[in-house]
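Here the structure is laid out as structure tokens; the discussion comes afterwards.
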Amino acid sequence: MFYYWYRIIRILIAKNFQKQIDIEAELSRKFTVRLFDCDGLRVMTAFKYAAYMDFIRWEMIARSKLYSEIVLKGLAPTLGSQKIIYRKPLKRWTQFTLKVNTAGWDEKWVYHIHTFEQKGEIKAVGITRALIWKKDKPQILQQILENAGVKDINKKPPDWVINLFQSDTDIIAGNFEPIK
């Protein structure tokens, strides 16, 4: 957990020395698979993909106008759900590029697509949806986006992205058939 917070603090400090970005633009960052990122010290373990996705989303917030609209106003960006599709492993000490794109949003959720690439090949894809909280209440996303300078407030995510999360509410409520 120490490394996680070290990276987040580093992102928040580095934002002061980097140019501001548009939240609708793709953000790309190179990372190296470190020794303790790995399962059996060979390939990157599943939980590290989610951590790297957090890092790049935090960088997107920190380097955009969302920082002043979310962090400085005491709001909390919170991950609601994520789906990760693993294609091929990332091996120890190799570099990979992680790209994040904002797929769109609705009144409550903002959706991101994360692509893990190495040597021009997609290794994994992560799709997330997140919302903004204040005092245990989700905030209306439209006002935050307008204040952050977003031009197209009605950027609906593709249907395939929405469909990935369609049954989340039922599953969390226990409305699924148990395995026997």
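Here, A, B, ... name the chains of the structure tokens in the order displayed, residue numbers run from 1 inside each chain, and ligands are numbered from 1 in the same displayed order.
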Per residue of stretch 34-122 of chain A within 10 Å of stretch 130-138 of chain A, note the shortest atom pair and the distance in Å to one decimal, counting only C-alpha atoms, and order the rows by chain and increasing residue number, as a tab-separated table.
```
residue	atom	partner	partner_atom	distance
A:Ile70	CA	A:Ile132	CA	7.7
A:Lys73	CA	A:Lys134	CA	9.2
A:Gly74	CA	A:Lys134	CA	7.2
A:Leu75	CA	A:Lys134	CA	5.0
A:Ala76	CA	A:Trp133	CA	5.0
A:Pro77	CA	A:Ile132	CA	4.5
A:Thr78	CA	A:Ala130	CA	5.5
A:Leu79	CA	A:Ala130	CA	4.3
A:Gly80	CA	A:Ala130	CA	4.9
A:Ser81	CA	A:Ala130	CA	7.0
A:Gln82	CA	A:Ala130	CA	8.8
A:Trp105	CA	A:Ala130	CA	9.4
A:Glu107	CA	A:Leu131	CA	9.6
A:Lys108	CA	A:Leu131	CA	6.2
A:Trp109	CA	A:Leu131	CA	5.0
A:Val110	CA	A:Ala130	CA	5.4
A:Tyr111	CA	A:Ala130	CA	6.6
A:His112	CA	A:Ala130	CA	8.4
```
With only C-alpha atoms as the counted atoms, please give the residues lying no more than 12 Å from stretch 20-22 of chain A, apart from itself and same-chain residues fewer than 6 positions off, as a compact mmCIF listing (two decimals) with N, CA and C atoms, in the first residue's frame.
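So the final result, stored in result-v2.txt, reads:
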```txt
# COMPACT_ATOMS: atom_id res chain seq x y z
N ALA A 14 3.58 16.16 -9.31
CA ALA A 14 4.03 16.33 -10.69
C ALA A 14 3.06 17.17 -11.53
N SER A 28 -1.71 8.69 -22.06
CA SER A 28 -0.86 7.51 -22.22
C SER A 28 0.34 7.64 -21.29
N GLU A 59 -4.02 10.49 -12.52
CA GLU A 59 -3.26 11.47 -13.31
C GLU A 59 -4.19 12.28 -14.20
N MET A 60 -5.20 11.62 -14.76
CA MET A 60 -6.17 12.35 -15.60
C MET A 60 -6.89 13.42 -14.77
N ILE A 61 -7.30 13.06 -13.56
CA ILE A 61 -7.97 14.03 -12.69
C ILE A 61 -7.01 15.16 -12.31
N ALA A 62 -5.80 14.79 -11.88
CA ALA A 62 -4.83 15.78 -11.40
C ALA A 62 -4.43 16.77 -12.48
N ARG A 63 -4.28 16.31 -13.70
CA ARG A 63 -3.78 17.18 -14.78
C ARG A 63 -4.88 17.88 -15.57
N SER A 64 -6.13 17.67 -15.19
CA SER A 64 -7.24 18.32 -15.89
C SER A 64 -7.94 19.29 -14.94
N LYS A 65 -8.92 19.97 -15.46
CA LYS A 65 -9.71 20.90 -14.63
C LYS A 65 -10.56 20.15 -13.61
N LEU A 66 -10.64 18.84 -13.73
CA LEU A 66 -11.39 18.06 -12.75
C LEU A 66 -10.78 18.17 -11.36
N TYR A 67 -9.48 18.42 -11.29
CA TYR A 67 -8.82 18.52 -9.99
C TYR A 67 -9.46 19.61 -9.14
N SER A 68 -9.67 20.77 -9.72
CA SER A 68 -10.27 21.87 -8.94
C SER A 68 -11.74 21.63 -8.67
N ASN A 101 -8.94 6.23 -22.00
CA ASN A 101 -9.85 7.07 -22.76
C ASN A 101 -11.16 7.17 -22.00
N THR A 102 -11.74 8.35 -22.00
CA THR A 102 -13.05 8.51 -21.40
C THR A 102 -14.07 8.07 -22.44
N LEU A 145 -18.88 18.35 -14.74
CA LEU A 145 -18.30 18.37 -16.09
C LEU A 145 -18.41 19.76 -16.72
N ALA A 148 -15.83 21.94 -15.30
CA ALA A 148 -14.50 21.54 -15.77
C ALA A 148 -14.27 21.88 -17.24
N GLY A 149 -15.26 22.48 -17.88
CA GLY A 149 -15.08 22.93 -19.26
C GLY A 149 -15.37 21.91 -20.33
N VAL A 150 -16.09 20.86 -20.00
CA VAL A 150 -16.42 19.85 -21.00
C VAL A 150 -17.43 20.43 -21.98
N LYS A 151 -17.15 20.26 -23.26
CA LYS A 151 -18.00 20.83 -24.29
C LYS A 151 -19.25 19.99 -24.57
```
If you run DSSP over the backbone, which residues in stretch 5-173 of chain A end up helix (DSSP H, G or I)? Put them as a VMD selection string. chain A and resid 5 to 17 35 to 37 46 to 63 66 to 70 141 to 147 159 to 164 168 to 172
One decimal, in Å: what's the spacing between atom CA of A:Gln95 and atom CA of A:Phe55? 15.8 Å
At most 8 Å is the cut-off: for each residue in stretch 60-159 of chain A with any atom that close to an atom of stretch 40-46 of chain A, write down the nearest atom pair and the distance in Å rounded to one decimal, counting only C-alpha atoms, chain first then increasing number, as a tab-separated table.
```
residue	atom	partner	partner_atom	distance
A:Pro89	CA	A:Val43	CA	6.1
A:Leu90	CA	A:Met44	CA	5.5
A:Lys91	CA	A:Val43	CA	4.3
A:Arg92	CA	A:Arg42	CA	5.5
```
